[in-house]
Amino acid sequence: MNNHITAIFQGWLSTATFLFAFLIIPSLTCAIEVSDADLLRMQTRFQEKGSVTYPENNLFSAEKLVLGKMLFFDPRFSTNQQTACATCHNPSLGWQNGLSYTRKIGKSPFPRRTQSLLNMGLDSRYFSDGRAASIEEQVLISIESTAELNIPMERLLAKLAKIPAYLTLFQNAFPYDETAISAENVIQSLATYERSIVSGNAPFDAWIAGDNTALSAQAQHGFILFNRKAGCVACHSGWEFSDHSFHDIGLPDMDIGRANYLPFLAMQFAFKTPSLRNVAKRAPYMHHGGFQTLRSILDHYNESFVRRSSISMHIHPLHLTDDEMDDIVEFLKSLNGSDTQTTLPILPQ
Amino acid sequence: MNALCRLTLLASFLFSGNLYAATYDIIMKNREFSQTEIMINRGDSIRFLNAEENTEHNLFSLSKVYPFEISQQLPGIDVTIPFRKGGSFEVECAIHPTMHLRVMVK
């Protein structure tokens, strides 16, 4: 009898050993499913941080930066005298405002979510529909738009002229201009400040620089899924995790996006790929602010997108499991950078 | 060479517009055109090859003289566009706005 029990026990033991060796160990190490060379290739895609370039007609100066920052945070110029650029592009909320598209600031309701200003100096077209070809153009549109600051430039200049200390700041920034307070100089200063808004390094950057402890095993697995099975890298590539391009990703929304300016089939419902830097801190998501969580975005890409003729070739059912989507979310959290704290300026009186 | 053959050659020379029309290749790879400008003769064509592994492109020109748009160009597909009118044309990809090619047609 005892021999029989021992035999049964030994049988169980060998079965358990088999399960542990061939089933459990591989599942524990599932994060390592690519060769070192392949992993290095994937990491290299995100290594090179571009440098912000200043255009020939608006080169950097510290004086422009100081002035631009004051203008950015000063609410006195808007028509309601309560709205600054920073009202919607709030540095405490990832340079956006944490609201979806239903807000109303100027005369007109704003049909889209506020875009973050992070890393826009590395971009090539501006606004989610790409309607501005330069940051300078974006600044002017945002000042005068009835949905944003809602003030004609001439009125803004008149308000600035009533604050004596601003004249000194403009003269410091533009010492060779006969009329220092001008539309051109307001635009140049604000654009210089916007170009300075760059996200800091994140745990992900430490990991690809060689610190293997900077990312959890779950986040590392999420990174591999991001590159392979989910294929997010097709659009979210490079240091900024954006190809700066325009795609229809099948959102259930009637906003035709880029096609307002380029009326082609490929541009119907297309919006610019957003950067994923600090993405976990920047809900709500998508141009319409329709998703509150990163997980809901993955659910969308996994199978919930709208099938239509303009859809990007990169959008197809992903067949990700719940665990895999959780791993990708964990990886996305590793893109939260230690950004420089923004201090509020003392505004001129 | 018999008379019929000579007549055919003469007719093609007279009516073809440009007997020596050439086709030039522009490769689209890594979200760039293989060159940023190209000078061709009227009647020449450009063959645009999408040599990406996994990226679609779009080709368009908003030129008033000769506007065109190729909506979707999948990897491995080539498209040949003849330039029959003179001038300077900006060829772009709507999906990837950093892609620009200036075509100067003499």
# chains A, B, ... in the order shown; residues from 1 in each chain; ligands from 1

call {"tool": "select_by_dssp", "arguments": {"residues": "chain B", "states": "alpha helix (DSSP H)", "output": "VMD selection string"}}
result
chain B and resid 3 to 15

call {"tool": "interface_residues", "arguments": {"of": "chain A", "to": "chain B", "cutoff": "9 Å", "atoms": "only C-alpha atoms", "output": "ChimeraX atom specification"}}
result
/A:124-125,130,234,243-247,258,262,264-267,270,272,312-314

call {"tool": "residues_around", "arguments": {"residues": "segment 45-49 of chain A", "least_positions_apart": "6", "cutoff": "10 Å", "atoms": "only C-alpha atoms", "output": "ChimeraX atom specification"}}
result
/A:122,204-205,208-209,233,236-241

call {"tool": "write_last_selection", "arguments": {"atoms": "N, CA, C and O atoms", "output": "PDB file, in the first residue's frame"}}
result
ATOM      1  N   LEU A 122       9.607  69.807 -32.269  1.00  0.00           N
ATOM      2  CA  LEU A 122      10.137  68.683 -33.050  1.00  0.00           C
ATOM      3  C   LEU A 122       9.171  68.284 -34.161  1.00  0.00           C
ATOM      4  O   LEU A 122       9.410  67.334 -34.890  1.00  0.00           O
ATOM      5  N   PHE A 204      11.704  54.864 -19.496  1.00  0.00           N
ATOM      6  CA  PHE A 204      11.956  54.162 -20.764  1.00  0.00           C
ATOM      7  C   PHE A 204      13.315  54.553 -21.356  1.00  0.00           C
ATOM      8  O   PHE A 204      14.046  53.706 -21.879  1.00  0.00           O
ATOM      9  N   ASP A 205      13.669  55.841 -21.252  1.00  0.00           N
ATOM     10  CA  ASP A 205      14.951  56.296 -21.803  1.00  0.00           C
ATOM     11  C   ASP A 205      16.115  55.670 -21.039  1.00  0.00           C
ATOM     12  O   ASP A 205      17.141  55.329 -21.636  1.00  0.00           O
ATOM     13  N   ILE A 208      16.456  51.992 -22.298  1.00  0.00           N
ATOM     14  CA  ILE A 208      17.127  51.775 -23.590  1.00  0.00           C
ATOM     15  C   ILE A 208      18.586  52.252 -23.551  1.00  0.00           C
ATOM     16  O   ILE A 208      19.369  51.891 -24.401  1.00  0.00           O
ATOM     17  N   ALA A 209      18.914  53.028 -22.500  1.00  0.00           N
ATOM     18  CA  ALA A 209      20.327  53.416 -22.328  1.00  0.00           C
ATOM     19  C   ALA A 209      21.098  52.335 -21.581  1.00  0.00           C
ATOM     20  O   ALA A 209      22.306  52.473 -21.381  1.00  0.00           O
ATOM     21  N   VAL A 233       4.088  50.752 -33.361  1.00  0.00           N
ATOM     22  CA  VAL A 233       5.295  51.440 -33.845  1.00  0.00           C
ATOM     23  C   VAL A 233       5.153  51.930 -35.288  1.00  0.00           C
ATOM     24  O   VAL A 233       5.887  52.822 -35.715  1.00  0.00           O
ATOM     25  N   HIS A 236       3.594  55.310 -34.149  1.00  0.00           N
ATOM     26  CA  HIS A 236       4.205  55.902 -32.948  1.00  0.00           C
ATOM     27  C   HIS A 236       5.678  55.509 -32.898  1.00  0.00           C
ATOM     28  O   HIS A 236       6.066  54.621 -32.139  1.00  0.00           O
ATOM     29  N   SER A 237       6.475  56.185 -33.718  1.00  0.00           N
ATOM     30  CA  SER A 237       7.896  55.817 -33.836  1.00  0.00           C
ATOM     31  C   SER A 237       8.774  57.013 -33.482  1.00  0.00           C
ATOM     32  O   SER A 237       8.293  58.145 -33.389  1.00  0.00           O
ATOM     33  N   GLY A 238      10.068  56.747 -33.303  1.00  0.00           N
ATOM     34  CA  GLY A 238      11.019  57.812 -33.002  1.00  0.00           C
ATOM     35  C   GLY A 238      10.943  58.251 -31.552  1.00  0.00           C
ATOM     36  O   GLY A 238      10.089  57.783 -30.785  1.00  0.00           O
ATOM     37  N   TRP A 239      11.834  59.129 -31.146  1.00  0.00           N
ATOM     38  CA  TRP A 239      11.904  59.559 -29.737  1.00  0.00           C
ATOM     39  C   TRP A 239      10.578  60.110 -29.236  1.00  0.00           C
ATOM     40  O   TRP A 239      10.173  59.850 -28.106  1.00  0.00           O
ATOM     41  N   GLU A 240       9.876  60.844 -30.086  1.00  0.00           N
ATOM     42  CA  GLU A 240       8.597  61.436 -29.677  1.00  0.00           C
ATOM     43  C   GLU A 240       7.453  60.421 -29.716  1.00  0.00           C
ATOM     44  O   GLU A 240       6.348  60.730 -29.324  1.00  0.00           O
ATOM     45  N   PHE A 241       7.714  59.239 -30.252  1.00  0.00           N
ATOM     46  CA  PHE A 241       6.655  58.252 -30.449  1.00  0.00           C
ATOM     47  C   PHE A 241       5.560  58.812 -31.354  1.00  0.00           C
ATOM     48  O   PHE A 241       4.371  58.666 -31.100  1.00  0.00           O
TER      49      PHE A 241
END

call {"tool": "atom_distance", "arguments": {"atom1": "atom CA of Ile181 of chain A", "atom2": "atom CA of Glu63 of chain A"}}
result
13.8 Å

call {"tool": "residues_around", "arguments": {"residues": "Pro284 of chain A", "least_positions_apart": "2", "cutoff": "10 Å", "atoms": "only C-alpha atoms", "output": "VMD selection string"}}
result
chain A and resid 96 to 101 113 to 114 279 to 282 286 to 294

call {"tool": "write_last_selection", "arguments": {"atoms": "C-alpha atoms", "output": "mmCIF file, in the first residue's frame"}}
result
data_model
loop_
_atom_site.group_PDB
_atom_site.id
_atom_site.type_symbol
_atom_site.label_atom_id
_atom_site.label_comp_id
_atom_site.auth_asym_id
_atom_site.auth_seq_id
_atom_site.Cartn_x
_atom_site.Cartn_y
_atom_site.Cartn_z
ATOM 1 C CA GLN A 96 -3.496 70.648 -22.130
ATOM 2 C CA ASN A 97 -6.558 71.074 -19.927
ATOM 3 C CA GLY A 98 -7.849 67.624 -19.109
ATOM 4 C CA LEU A 99 -11.195 68.343 -20.755
ATOM 5 C CA SER A 100 -12.878 66.806 -23.768
ATOM 6 C CA TYR A 101 -14.196 68.765 -26.721
ATOM 7 C CA ARG A 113 -9.755 68.381 -27.351
ATOM 8 C CA THR A 114 -6.926 70.781 -26.532
ATOM 9 C CA VAL A 279 0.751 60.052 -22.376
ATOM 10 C CA ALA A 280 -0.439 58.441 -19.136
ATOM 11 C CA LYS A 281 -0.744 61.923 -17.618
ATOM 12 C CA ARG A 282 -2.660 63.417 -20.529
ATOM 13 C CA MET A 286 -7.913 61.334 -29.239
ATOM 14 C CA HIS A 287 -8.844 64.537 -31.040
ATOM 15 C CA HIS A 288 -12.388 64.369 -29.671
ATOM 16 C CA GLY A 289 -11.361 63.527 -26.112
ATOM 17 C CA GLY A 290 -13.578 60.479 -26.313
ATOM 18 C CA PHE A 291 -11.379 58.048 -24.374
ATOM 19 C CA GLN A 292 -10.626 58.498 -20.696
ATOM 20 C CA THR A 293 -8.108 55.677 -20.237
ATOM 21 C CA LEU A 294 -5.197 54.156 -22.125
#

call {"tool": "select_by_dssp", "arguments": {"residues": "segment 138-318 of chain A", "states": "strand (DSSP E)", "output": "ChimeraX atom specification"}}
result
/A:246-247,271-272

call {"tool": "closest_residue", "arguments": {"among": "B:Leu101, B:Ile27, B:Val91, B:Ile38", "to": "Ala51 of chain B", "atoms": "only C-alpha atoms"}}
result
B:Ile27

call {"tool": "atom_distance", "arguments": {"atom1": "atom CA of Asp253 of chain A", "atom2": "atom CA of Gly231 of chain A"}}
result
23.2 Å

call {"tool": "atom_distance", "arguments": {"atom1": "atom CA of Ala165 of chain A", "atom2": "atom CA of Pro348 of chain A"}}
result
5.3 Å

call {"tool": "decode", "arguments": {"residues": "segment 53-70 of chain B", "atoms": "N, CA, C and O atoms", "output": "PDB file, in the first residue's frame"}}
result
ATOM      1  N   GLU B  53       8.590  48.937 -46.335  1.00  0.00           N
ATOM      2  CA  GLU B  53       8.184  47.588 -45.950  1.00  0.00           C
ATOM      3  C   GLU B  53       6.728  47.571 -45.494  1.00  0.00           C
ATOM      4  O   GLU B  53       5.999  46.623 -45.765  1.00  0.00           O
ATOM      5  N   ASN B  54       6.341  48.625 -44.777  1.00  0.00           N
ATOM      6  CA  ASN B  54       5.035  48.569 -44.125  1.00  0.00           C
ATOM      7  C   ASN B  54       4.399  49.960 -44.005  1.00  0.00           C
ATOM      8  O   ASN B  54       3.823  50.281 -42.988  1.00  0.00           O
ATOM      9  N   THR B  55       4.565  50.770 -45.040  1.00  0.00           N
ATOM     10  CA  THR B  55       4.031  52.133 -44.960  1.00  0.00           C
ATOM     11  C   THR B  55       3.376  52.500 -46.279  1.00  0.00           C
ATOM     12  O   THR B  55       3.997  52.368 -47.334  1.00  0.00           O
ATOM     13  N   GLU B  56       2.143  52.964 -46.186  1.00  0.00           N
ATOM     14  CA  GLU B  56       1.466  53.411 -47.406  1.00  0.00           C
ATOM     15  C   GLU B  56       1.792  54.878 -47.668  1.00  0.00           C
ATOM     16  O   GLU B  56       2.162  55.621 -46.748  1.00  0.00           O
ATOM     17  N   HIS B  57       1.663  55.287 -48.898  1.00  0.00           N
ATOM     18  CA  HIS B  57       1.863  56.684 -49.253  1.00  0.00           C
ATOM     19  C   HIS B  57       0.674  57.176 -50.067  1.00  0.00           C
ATOM     20  O   HIS B  57      -0.200  56.402 -50.484  1.00  0.00           O
ATOM     21  N   ASN B  58       0.701  58.475 -50.303  1.00  0.00           N
ATOM     22  CA  ASN B  58      -0.295  59.141 -51.141  1.00  0.00           C
ATOM     23  C   ASN B  58       0.511  60.139 -51.965  1.00  0.00           C
ATOM     24  O   ASN B  58       1.546  60.624 -51.496  1.00  0.00           O
ATOM     25  N   LEU B  59       0.121  60.398 -53.175  1.00  0.00           N
ATOM     26  CA  LEU B  59       0.853  61.369 -53.994  1.00  0.00           C
ATOM     27  C   LEU B  59      -0.123  62.416 -54.487  1.00  0.00           C
ATOM     28  O   LEU B  59      -1.213  62.073 -54.961  1.00  0.00           O
ATOM     29  N   PHE B  60       0.259  63.673 -54.371  1.00  0.00           N
ATOM     30  CA  PHE B  60      -0.617  64.697 -54.925  1.00  0.00           C
ATOM     31  C   PHE B  60       0.189  65.929 -55.302  1.00  0.00           C
ATOM     32  O   PHE B  60       1.296  66.151 -54.818  1.00  0.00           O
ATOM     33  N   SER B  61      -0.406  66.716 -56.195  1.00  0.00           N
ATOM     34  CA  SER B  61       0.110  68.044 -56.496  1.00  0.00           C
ATOM     35  C   SER B  61      -1.087  68.975 -56.560  1.00  0.00           C
ATOM     36  O   SER B  61      -2.099  68.655 -57.187  1.00  0.00           O
ATOM     37  N   LEU B  62      -0.970  70.105 -55.894  1.00  0.00           N
ATOM     38  CA  LEU B  62      -2.056  71.087 -55.917  1.00  0.00           C
ATOM     39  C   LEU B  62      -1.840  72.118 -57.022  1.00  0.00           C
ATOM     40  O   LEU B  62      -2.515  73.146 -57.057  1.00  0.00           O
ATOM     41  N   SER B  63      -0.914  71.840 -57.929  1.00  0.00           N
ATOM     42  CA  SER B  63      -0.623  72.755 -59.028  1.00  0.00           C
ATOM     43  C   SER B  63      -1.896  73.089 -59.806  1.00  0.00           C
ATOM     44  O   SER B  63      -2.721  72.211 -60.091  1.00  0.00           O
ATOM     45  N   LYS B  64      -2.053  74.377 -60.151  1.00  0.00           N
ATOM     46  CA  LYS B  64      -3.252  74.766 -60.906  1.00  0.00           C
ATOM     47  C   LYS B  64      -3.161  74.262 -62.345  1.00  0.00           C
ATOM     48  O   LYS B  64      -4.160  73.987 -62.990  1.00  0.00           O
ATOM     49  N   VAL B  65      -1.931  74.147 -62.839  1.00  0.00           N
ATOM     50  CA  VAL B  65      -1.723  73.713 -64.221  1.00  0.00           C
ATOM     51  C   VAL B  65      -2.008  72.218 -64.372  1.00  0.00           C
ATOM     52  O   VAL B  65      -2.627  71.781 -65.342  1.00  0.00           O
ATOM     53  N   TYR B  66      -1.561  71.436 -63.389  1.00  0.00           N
ATOM     54  CA  TYR B  66      -1.622  69.994 -63.551  1.00  0.00           C
ATOM     55  C   TYR B  66      -1.836  69.317 -62.188  1.00  0.00           C
ATOM     56  O   TYR B  66      -0.945  68.663 -61.664  1.00  0.00           O
ATOM     57  N   PRO B  67      -3.032  69.513 -61.605  1.00  0.00           N
ATOM     58  CA  PRO B  67      -3.276  68.883 -60.299  1.00  0.00           C
ATOM     59  C   PRO B  67      -3.534  67.383 -60.460  1.00  0.00           C
ATOM     60  O   PRO B  67      -4.115  66.961 -61.455  1.00  0.00           O
ATOM     61  N   PHE B  68      -3.073  66.615 -59.517  1.00  0.00           N
ATOM     62  CA  PHE B  68      -3.378  65.177 -59.541  1.00  0.00           C
ATOM     63  C   PHE B  68      -3.324  64.633 -58.116  1.00  0.00           C
ATOM     64  O   PHE B  68      -2.772  65.269 -57.210  1.00  0.00           O
ATOM     65  N   GLU B  69      -3.915  63.463 -57.956  1.00  0.00           N
ATOM     66  CA  GLU B  69      -3.836  62.796 -56.665  1.00  0.00           C
ATOM     67  C   GLU B  69      -3.934  61.296 -56.853  1.00  0.00           C
ATOM     68  O   GLU B  69      -4.796  60.793 -57.572  1.00  0.00           O
ATOM     69  N   ILE B  70      -3.001  60.570 -56.270  1.00  0.00           N
ATOM     70  CA  ILE B  70      -3.050  59.104 -56.231  1.00  0.00           C
ATOM     71  C   ILE B  70      -3.388  58.767 -54.789  1.00  0.00           C
ATOM     72  O   ILE B  70      -2.571  58.958 -53.891  1.00  0.00           O
TER      73      ILE B  70
END
